Structures are given as structure tokens and as C-alpha cells.
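A.B. asks: Shown below is the structure under consideration.
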Amino acid sequence: MVLYNMVRANIVSRRINFRKGWFLLVKLFSIFLVFFTVFLTFEEAQALCVGNERANLRKGPGTKYRKLWEVYKYMPFKKLGSKGVWYRVQDLDGDKYWIHKKLTTSSYKCAAVKKEKANFRKGPGTKYKKVSWSGQPKYFSMKVLKKKGSWVYVEDEQKDRAWVHRGLIWIQ
């Protein structure tokens with residue numbers, strides 16, 4: 001009888017431990033799934049590009065606020081928040097501005113030169129010749145068309161296309 005009770009107690013104990021372990025595993029998986037979904041949604045929603053030919057960046061959310069900088073088409077930003085029809089954005093240097101949402105798009109990726117100067121080439125590599133408009137300065141903005149290894153194929157607002165090394169640009 002004693003042996004029977006010991007075996008029965010061991011079986012019941014294992015069932016309880018199995019249930020606790022299974023419950024903990026399901027709980028951890030659920031938390032991971034929620035966190036992963038929220039993180040992906042947040043990351044996806046924050047990249048913006050200037051979609052108009054020009055856009056004014058302001059100190060606050062409205063035209064009554066001082067204009068700090070005028071940027072051109074394809075300038076990339078990271079969206080930080082919004083207030084009405086205005087987006088709070090951050091540029092490649094980490095500076096923060098406000099821009100009217102109708103001047104932006106998130107339908108494609110954009111990039112800006114983040115170094116003092118960037119060379120643009122006819123193909124994805126240094127063995128290719130530089131294009132005639134190579135040597136663009138910091139903040140030169142462009143639309144990202146495709147990536148190949150560490151090279152990015154881009155288009156500027158005049159529809160000129162070239163390849164640039166990924167390390168020279170900031171992509172959003």
C-alpha cells in the first residue's frame with residue numbers, strides 16, 4: 001500500500017509539473033508573439049519620405065511656427081509621432097522637426113547621403129565608372145530602387161539613376 005501511494009503521488013506530481021511547464025511555455029510564446037507583432041508594426045510605420053518637390057520643416061506643428069529648413073523630394077525621415085495633420089520627424093543627424101503629412105509618403109524607401117560626399121557609379125562596385133553627377137554632398141536625397149549586397153541602386157528627383165555604397169547613405 002505504501003508503494004502504491006508513493007507511485008500515485010509521483011504520477012500526480014509529474015502531471016502538475018507538466019501542466020505548469022506547458023502553461024509557462026504557452027504564456028511565454030504569447031508574450032513573444034505580441035511583442036514581435038507590436039515591434040514590427042512600429043518599425044514599419046515610422047519610415048517616411050518627402051513626396052513633394054519641396055517641403056518646409058518647422059519648429060512646431062503648424063504654419064505659424066518658424067521654418068527651420070527646406071528639403072527636397074525623397075528626403076528620408078523617421079516618424080516619431082503626430083499631432084493632427086502634422087508629423088514629428090527625425091533626420092539622419094537626429095535633429096527633430098515638424099512636417100505636414102500631405103507632403104510625405106511611406107509607399108517607397110528613400111535615402112540621403114550621410115557623409116560629406118558620396119560617389120555614384122554605373123554599377124554595384126568600385127570597378128564601375130563614376131556617373132557624371134557623382135560626388136554629391138551630404139543630405140542629397142534619392143529614392144531607393146533596389147539593393148545588391150552592400151550597394152544600393154537609387155534615383156534622384158531628375159530621374160537620374162546610379163549605384164551608391166550602403167555605408168555612404170542613410171535609408172528610411
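Residues in the C-alpha cells are numbered from 1 in each chain, the chains being A, B, ... in the order shown, and ligands are numbered from 1 in the order shown.
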Residues within 6 Å of region 58-69 of chain A, please, as a list in words. Count only C-alpha atoms; anything in the same chain fewer than 4 positions from it doesn't count.

C.D. replies: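 Counting only the stated atoms, we get Trp86, Tyr97 and Trp98 of chain A.
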
A.B. asks: Counting only C-alpha atoms, figure out which residue out of A:Met75, A:Leu103, A:Val50, A:Ala111 gets nearest to Val144 (chain A).

C.D. replies: A:Ala111

A.B. asks: Could you jot down the CA of Glu157 (chain A) to CA of Cys110 (chain A) separation for me, Å, one decimal place?

C.D. replies: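 Spanning CA of Glu157 (chain A) to CA of Cys110 (chain A) is a straight-line distance of 11.3 Å.
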
A.B. asks: Please report the interatomic distance between CA of Asp93 (chain A) and CA of Gln136 (chain A) in Å with one decimal.

C.D. replies: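 These two atoms are separated by 17.3 Å.
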
A.B. asks: List as JSON lines every residue of region 92-137 of chain A that is in contact with region 165-169 of chain A, defined as an atom at most 9 Å from one of its atoms (using only C-alpha atoms), together with the nearest atom pair and the distance in Å rounded to one decimal, sorted by chain and then rising number.

C.D. replies:
```
{"residue": "A:Ala111", "atom": "CA", "partner": "A:Ile169", "partner_atom": "CA", "distance": 6.1}
{"residue": "A:Ala112", "atom": "CA", "partner": "A:Ile169", "partner_atom": "CA", "distance": 5.4}
{"residue": "A:Val113", "atom": "CA", "partner": "A:Ile169", "partner_atom": "CA", "distance": 4.4}
{"residue": "A:Lys114", "atom": "CA", "partner": "A:Ile169", "partner_atom": "CA", "distance": 5.0}
{"residue": "A:Lys115", "atom": "CA", "partner": "A:Leu168", "partner_atom": "CA", "distance": 5.8}
{"residue": "A:Lys117", "atom": "CA", "partner": "A:Leu168", "partner_atom": "CA", "distance": 8.2}
{"residue": "A:Ala118", "atom": "CA", "partner": "A:Leu168", "partner_atom": "CA", "distance": 6.2}
{"residue": "A:Asn119", "atom": "CA", "partner": "A:His165", "partner_atom": "CA", "distance": 8.2}
{"residue": "A:Phe120", "atom": "CA", "partner": "A:His165", "partner_atom": "CA", "distance": 8.0}
{"residue": "A:Pro124", "atom": "CA", "partner": "A:His165", "partner_atom": "CA", "distance": 7.8}
{"residue": "A:Gly125", "atom": "CA", "partner": "A:His165", "partner_atom": "CA", "distance": 7.8}
{"residue": "A:Thr126", "atom": "CA", "partner": "A:His165", "partner_atom": "CA", "distance": 9.0}
```

A.B. asks: Quote the spacing between CA of Gly123 (chain A) and CA of Ala47 (chain A) in Å to one decimal place.

C.D. replies: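 So the two atoms, CA of Gly123 (chain A) and CA of Ala47 (chain A), lie 26.7 Å apart.
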
A.B. asks: Counting only C-alpha atoms, which residue out of A:Pro137, A:Gly149, A:Gly51, A:Pro76 sits closest to Gly94 (chain A)?

C.D. replies: A:Pro76

A.B. asks: So that I can check the surroundings of Tyr74 (chain A), please list as an MDAnalysis selection string every protein, DNA and RNA residue that reaches within 12 Å of it, counting only C-alpha atoms and ignoring chain neighbours fewer than 4 positions away.

C.D. replies: chainID A and resid 47:55 103:113 139:145 154:159 170:172

A.B. asks: Extract, using only C-alpha atoms, all DNA, RNA and protein residues at most 8 Å from region 80-83 of chain A, discarding same-chain residues fewer than 4 positions from it, and format them as a PyMOL selection string.

C.D. replies: chain A and resi 46+61+87-90
